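Below is one structure, written out as C-alpha cells; the observations come after it.
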Amino acid sequence: MNHRSLLRLAAFASLAALAACAKGPAPQPVAAPAPLAESEIEAVQALLMQGDRKGAEKSLKPLLKRAPMHPKLQLLRDSIAGDPKELLGPTNYPYTVRAGETIEQLAERLLGNRLKAYQLARYNDLANPSALAAGTILRIPGSPPRPRPQPAPERPSRPAPAAPRPKAVAPTPAPAPAKPVANPAAAQRARSAGLAALNRGAVRQAVGLLQRAHALDPGNAVILRDLQRAQRIAATVRARQ
C-alpha cells in the first residue's frame, strides 16, 4: 500500500469517527402520562367542600404534574391559592340561602361553574362550605340577575253593545164580558135549579144558580129576593165553619 492510500484510509476513519460523535446516543422513549380521570378532580373538589384545604392541596399536586394545563385543575389551584376578591371581583349583592341549597348549586347557577364553589366559600369566609344553613345571607360576586319581565296583562275585550230593549207594548185590555141577554124563561129554570140546590143544602151551588137567574132577568124581584136569602144562608154557613 502506497503513501496516498494510507492517507485516504486515515481520512475516511476520521470522518466516520466524527459522524459517530455527532449522532450521539439514541434517545430514550418517554412514558406518556396516564390519562386524568374525572373522579380524581371530583375527589379534590370534595375535600375542598369539607374544608380540608391541606388535603386538597396534597391531592392536587400530583395531578398538576401529570396535566399542568388542565383547565379544571388550574381553576382548583387558583381557588386554593388565589385571592377570592381578585378572582371573582369586589362588586357583590346579598343572597339569602333557601332550604336545600348547597354552595355548589349556587356556584353553578349564579357563577356559571360548580368548581368555583370554594372560591365563593372563601369569598364569604365559610370554613366548612358543606355546612350551609337556610337563611344564611351570602355575598354573591357580580350584579344581581335581572328579574324576568312579566307578560303584560291581557286587556279585557270590550263587551258587545247590548241589544236595544224592545219598547214595551201596552197590553191590549181584555174585552169586557158580554152581558147576558135577558131571558126570563132561562131565568126561571135557573131559579128553580137554585132553589132545589138550596133545599138539599148545596148552598154555594144555589147562590151560583140564583146569580145566573138574576143576570138573565135582572128586573125580577122574586129572583132577587131568593138570591139574597141564599147569600145570607151562605154567610151563616161560613161563620159556623
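Each chain of the C-alpha cells is named A, B, ... in the order shown, its residues numbered from 1; ligands are numbered from 1 in display order.
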Note to self: Among range 43-162 of chain A, which ones does DSSP assign to strand (DSSP E or B) (computed from the backbone)? Answer as a PyMOL selection string.
What the structure shows: chain A and resi 92-96+137-141
What's the 9 Å shell around Pro90 in chain A, counting only C-alpha atoms, without same-chain residues fewer than 3 positions away, as a PDB file with N, CA and C atoms, in the first residue's frame?
ATOM      1  N   LYS A  85     -61.429  37.738  46.086  1.00  0.00           N
ATOM      2  CA  LYS A  85     -61.944  39.018  45.594  1.00  0.00           C
ATOM      3  C   LYS A  85     -61.319  39.373  44.255  1.00  0.00           C
ATOM      4  N   GLU A  86     -60.049  38.991  44.047  1.00  0.00           N
ATOM      5  CA  GLU A  86     -59.434  39.219  42.744  1.00  0.00           C
ATOM      6  C   GLU A  86     -59.982  38.253  41.703  1.00  0.00           C
ATOM      7  N   PRO A 141     -70.726  37.510  44.127  1.00  0.00           N
ATOM      8  CA  PRO A 141     -69.989  38.444  43.263  1.00  0.00           C
ATOM      9  C   PRO A 141     -70.781  38.787  42.000  1.00  0.00           C
ATOM     10  N   GLY A 142     -70.616  40.014  41.572  1.00  0.00           N
ATOM     11  CA  GLY A 142     -71.271  40.444  40.344  1.00  0.00           C
ATOM     12  C   GLY A 142     -72.516  41.257  40.630  1.00  0.00           C
TER      13      GLY A 142
END
Next item on the list: Please provide as a PyMOL selection string all residues within 6 Å of Gly194 in chain A, with the sequence filter that same-chain residues fewer than 4 positions apart are discarded (counting only C-alpha atoms).
Entry: chain A and resi 206+209-210
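Proximity of A:Pro149, A:Ala230, A:Leu126, A:Leu75 to Asn113 in chain A, computed with only C-alpha atoms, is greatest for A:Leu75.
You can rank A:Asn124, A:Gln231, A:Gln188, A:Asn199 by their closest distance to Ile103 in chain A using only C-alpha atoms, and at the top of that list sits A:Asn124.
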Item checked: Neighbour list for range 49-63 of chain A as a list of chain:residue names, cut-off 7 Å, only C-alpha atoms, skip fewer than 5 positions in-chain -> A:Val44, A:Tyr118, A:Ala127, A:Asn128, A:Pro129, A:Ser130
Item checked: Selection near Asn183 in chain A, 8 Å with only C-alpha atoms, sequence-local residues under 2 positions removed, as a VMD selection string -> chain A and resid 181 185 to 187 216 to 217
Notebook entry, point to check: Which residue, A:Ala131, A:Leu48, A:Ala182, A:Val203, has the smallest gap to Pro218 in chain A when you use only C-alpha atoms?
Noted result: A:Ala182
Check: CA of Arg98 in chain A to CA of Leu132 in chain A: how many Å, to one decimal?
Finding: 9.7 Å
Note to self: Give me, as a VMD selection string, all polymer residues having an atom no more than 9 Å from Leu224 in chain A, counting only C-alpha atoms and skipping those fewer than 3 positions away in the same chain.
What the structure shows: chain A and resid 210 to 211 213 to 214 218 to 221 227 to 229
Mind writing the picked residues with N, CA, C and O atoms as a compact mmCIF listing (two decimals), in the first residue's frame?
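Once written, part-v9.txt looks like this:
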# COMPACT_ATOMS: atom_id res chain seq x y z
N LEU A 210 -178.75 31.10 41.34
CA LEU A 210 -179.64 32.26 41.51
C LEU A 210 -178.98 33.53 40.96
O LEU A 210 -179.68 34.42 40.46
N GLN A 211 -177.62 33.61 41.05
CA GLN A 211 -176.96 34.76 40.42
C GLN A 211 -177.16 34.73 38.91
O GLN A 211 -177.35 35.78 38.28
N ALA A 213 -179.68 33.35 37.37
CA ALA A 213 -181.10 33.68 37.12
C ALA A 213 -181.32 35.17 37.20
O ALA A 213 -182.05 35.77 36.36
N HIS A 214 -180.69 35.84 38.18
CA HIS A 214 -180.84 37.28 38.32
C HIS A 214 -180.22 38.00 37.13
O HIS A 214 -180.74 39.04 36.68
N PRO A 218 -182.85 40.57 35.35
CA PRO A 218 -182.49 41.45 36.46
C PRO A 218 -183.67 42.20 37.06
O PRO A 218 -183.61 42.62 38.21
N GLY A 219 -184.73 42.39 36.37
CA GLY A 219 -185.85 43.13 36.90
C GLY A 219 -186.83 42.29 37.70
O GLY A 219 -187.83 42.81 38.21
N ASN A 220 -186.55 40.98 37.86
CA ASN A 220 -187.45 40.08 38.56
C ASN A 220 -187.15 40.17 40.05
O ASN A 220 -186.09 39.74 40.54
N ALA A 221 -188.08 40.79 40.84
CA ALA A 221 -187.89 40.99 42.27
C ALA A 221 -187.90 39.68 43.03
O ALA A 221 -187.20 39.54 44.05
N LEU A 227 -182.16 35.18 45.74
CA LEU A 227 -180.70 35.26 45.72
C LEU A 227 -180.16 35.81 47.04
O LEU A 227 -179.18 35.29 47.60
N GLN A 228 -180.82 36.89 47.54
CA GLN A 228 -180.37 37.49 48.80
C GLN A 228 -180.52 36.51 49.97
O GLN A 228 -179.63 36.44 50.84
N ARG A 229 -181.59 35.74 49.96
CA ARG A 229 -181.78 34.76 51.03
C ARG A 229 -180.69 33.68 50.97
O ARG A 229 -180.14 33.28 51.98
